[in-house]
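Trainee: What follows is a single structure, and I will ask about it in a moment.
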Amino acid sequence: MSLKHHFELMAHYNQWMNDQLYEAAAQLDNYSLMLDRGAFFGSILGTLNHILVGDTLWLQRFARHSQTLESLQPMLDIPTPGSLDAALYDTLEELYGARRMRDNLIIAFSQEAEDSHYLTPLRYRNSKQQLFEKQFGYLVQHFYNHQTHHRGQVTTLLSQVGIDVGITDLLALVPEFE
């Protein structure tokens, strides 16, 4: 399996899980979504906003890769979030619209990128303006792991109020061996 195929699978898993998560969250009213539940980012909406903030920051860094990826260029037109806990949107509907846009862009990115991209370095600055240079493929894997980690938190918060998100395992999308 190539890195390209692996990251294409991860992009589709990301979109599939986000759709499930947002459909489950839509069962709650805005007050319930914004209620501080003691999670690291407070509420369900706060945690969903953080996932979008993280995705925005990483996709903007990826868009500046030395081997330009055209699919990511629209990210450079989106304002950079000012903090990791920025509330980009106040309602689930607005947040979900931005989420769908990012997920479609992530799929396009995974289809455009080749193994050669993933094996090259990416120079970037973190939110504290520290400079790093790391292998792009490892950074893309971190990108997906970050999403999965925080979606797990949202799944737990939803479960605590009686909402079942359903199957969350990547295994559900892993194709049969041919």
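Residue names in the structure tokens use chain letters A, B, ... in the order shown, residue numbers from 1 in each chain, and ligand numbers from 1 in the order shown.
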Report the closest atom pair, with its distance in Å rounded to one decimal, for each residue of segment 37-85 of chain A that has an atom no farther than 12 Å from segment 92-116 of chain A; count only C-alpha atoms, sort by chain and then rising residue number, and write it as JSON lines.
Mentor:
{"residue": "A:Ser43", "atom": "CA", "partner": "A:Leu92", "partner_atom": "CA", "distance": 11.9}
{"residue": "A:Ile44", "atom": "CA", "partner": "A:Leu92", "partner_atom": "CA", "distance": 9.7}
{"residue": "A:Leu45", "atom": "CA", "partner": "A:Leu92", "partner_atom": "CA", "distance": 6.9}
{"residue": "A:Gly46", "atom": "CA", "partner": "A:Leu92", "partner_atom": "CA", "distance": 10.2}
{"residue": "A:Thr47", "atom": "CA", "partner": "A:Leu95", "partner_atom": "CA", "distance": 11.2}
{"residue": "A:Leu48", "atom": "CA", "partner": "A:Leu95", "partner_atom": "CA", "distance": 7.9}
{"residue": "A:Asn49", "atom": "CA", "partner": "A:Leu95", "partner_atom": "CA", "distance": 7.2}
{"residue": "A:His50", "atom": "CA", "partner": "A:Leu95", "partner_atom": "CA", "distance": 10.7}
{"residue": "A:Ile51", "atom": "CA", "partner": "A:Arg99", "partner_atom": "CA", "distance": 9.2}
{"residue": "A:Leu52", "atom": "CA", "partner": "A:Arg99", "partner_atom": "CA", "distance": 6.7}
{"residue": "A:Val53", "atom": "CA", "partner": "A:Arg99", "partner_atom": "CA", "distance": 10.2}
{"residue": "A:Gly54", "atom": "CA", "partner": "A:Arg102", "partner_atom": "CA", "distance": 11.2}
{"residue": "A:Asp55", "atom": "CA", "partner": "A:Arg102", "partner_atom": "CA", "distance": 7.8}
{"residue": "A:Thr56", "atom": "CA", "partner": "A:Arg102", "partner_atom": "CA", "distance": 7.9}
{"residue": "A:Leu57", "atom": "CA", "partner": "A:Arg102", "partner_atom": "CA", "distance": 11.5}
{"residue": "A:Trp58", "atom": "CA", "partner": "A:Ile106", "partner_atom": "CA", "distance": 10.9}
{"residue": "A:Leu59", "atom": "CA", "partner": "A:Ile106", "partner_atom": "CA", "distance": 8.3}
{"residue": "A:Gln60", "atom": "CA", "partner": "A:Arg102", "partner_atom": "CA", "distance": 11.2}
{"residue": "A:Phe62", "atom": "CA", "partner": "A:Phe109", "partner_atom": "CA", "distance": 9.6}
{"residue": "A:Ala63", "atom": "CA", "partner": "A:Phe109", "partner_atom": "CA", "distance": 9.6}
{"residue": "A:His65", "atom": "CA", "partner": "A:Ala113", "partner_atom": "CA", "distance": 11.1}
{"residue": "A:Ser66", "atom": "CA", "partner": "A:Ser116", "partner_atom": "CA", "distance": 11.9}
{"residue": "A:Gln67", "atom": "CA", "partner": "A:Ser116", "partner_atom": "CA", "distance": 9.5}
{"residue": "A:Thr68", "atom": "CA", "partner": "A:Ala113", "partner_atom": "CA", "distance": 9.6}
{"residue": "A:Leu69", "atom": "CA", "partner": "A:Ala113", "partner_atom": "CA", "distance": 7.0}
{"residue": "A:Glu70", "atom": "CA", "partner": "A:Glu112", "partner_atom": "CA", "distance": 8.1}
{"residue": "A:Ser71", "atom": "CA", "partner": "A:Phe109", "partner_atom": "CA", "distance": 5.3}
{"residue": "A:Leu72", "atom": "CA", "partner": "A:Phe109", "partner_atom": "CA", "distance": 6.4}
{"residue": "A:Gln73", "atom": "CA", "partner": "A:Leu105", "partner_atom": "CA", "distance": 9.7}
{"residue": "A:Pro74", "atom": "CA", "partner": "A:Leu105", "partner_atom": "CA", "distance": 8.6}
{"residue": "A:Met75", "atom": "CA", "partner": "A:Arg102", "partner_atom": "CA", "distance": 8.7}
{"residue": "A:Ile78", "atom": "CA", "partner": "A:Ala98", "partner_atom": "CA", "distance": 10.6}
Trainee: With C-alpha atoms retained, export the selected residues as a CSV table (one decimal), in the first residue's frame.
Mentor:
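selection21.csv, freshly written:
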chain,number,residue,atom,x,y,z
A,43,SER,CA,-18.5,22.1,24.8
A,44,ILE,CA,-19.4,19.9,21.9
A,45,LEU,CA,-19.4,23.0,19.7
A,46,GLY,CA,-16.1,24.2,21.1
A,47,THR,CA,-14.5,20.8,20.4
A,48,LEU,CA,-15.9,20.8,16.8
A,49,ASN,CA,-14.6,24.3,16.3
A,50,HIS,CA,-11.2,23.2,17.6
A,51,ILE,CA,-11.0,20.4,15.0
A,52,LEU,CA,-11.8,22.9,12.3
A,53,VAL,CA,-9.2,25.3,13.7
A,54,GLY,CA,-6.6,22.6,13.6
A,55,ASP,CA,-7.5,21.5,10.1
A,56,THR,CA,-7.4,25.1,8.9
A,57,LEU,CA,-3.9,25.7,10.4
A,58,TRP,CA,-2.5,22.5,9.0
A,59,LEU,CA,-4.1,22.8,5.6
A,60,GLN,CA,-2.7,26.4,5.3
A,62,PHE,CA,0.3,22.2,3.6
A,63,ALA,CA,-0.8,24.8,1.0
A,65,HIS,CA,4.5,23.2,0.6
A,66,SER,CA,7.5,23.7,-1.8
A,67,GLN,CA,5.8,21.3,-4.2
A,68,THR,CA,2.6,23.3,-4.8
A,69,LEU,CA,-0.7,21.4,-4.5
A,70,GLU,CA,-3.4,23.2,-6.4
A,71,SER,CA,-6.2,21.6,-4.4
A,72,LEU,CA,-5.0,23.4,-1.2
A,73,GLN,CA,-4.6,26.9,-2.6
A,74,PRO,CA,-8.2,28.0,-1.6
A,75,MET,CA,-7.0,27.6,2.0
A,78,ILE,CA,-9.3,31.7,4.5
Trainee: Give the answer as one residue: which of A:Phe41, A:Thr91, A:Leu76, A:Arg151 has the shortest atom-to-atom distance to Asp169 of chain A, using only C-alpha atoms?
Mentor: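 With only C-alpha atoms as the atom set, the closest residue is A:Arg151.
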Trainee: As a ChimeraX atom specification, please: every residue in chain A that DSSP puts in strand (DSSP E or B).
Mentor: /A:39,42,121-125,131-135
Trainee: If you count only C-alpha atoms, which residues fall within 12 Å of Leu157 of chain A, apart from same-chain ones fewer than 5 positions away, as a list in words?
Mentor: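 In the requested form, the answer reads Leu21, Ala24, Ala25, Leu28, Ser32, Leu33, Met34, Leu35, Asp36, Arg37, Gly38, Ala39, Phe40, Phe41, Gly42, Ser43, Ile44, Leu45, Gly46, Thr47, Leu48, His150, Arg151, Gly152, Gly162, Ile163, Asp164 and Val165 of chain A.
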Trainee: What is the atom CA of Val154 of chain A to atom CA of Trp16 of chain A distance in Å?
Mentor: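 One can read the atom CA of Val154 of chain A to atom CA of Trp16 of chain A distance as 14.9 Å.
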Trainee: So what do you get for atom CA of Asp77 of chain A versus atom CA of Tyr138 of chain A, distance-wise?
Mentor: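 Interatomic distance, atom CA of Asp77 of chain A to atom CA of Tyr138 of chain A: 25.1 Å.
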Trainee: Report, in Å with one decimal, the straight-line distance from atom CA of Phe7 of chain A to atom CA of Gly137 of chain A.
Mentor: 9.0 Å
Trainee: Please run DSSP on the backbone and report, as a count of residues only, all residues within segment 11-177 of chain A that come out as alpha helix (DSSP H).
Mentor: 90
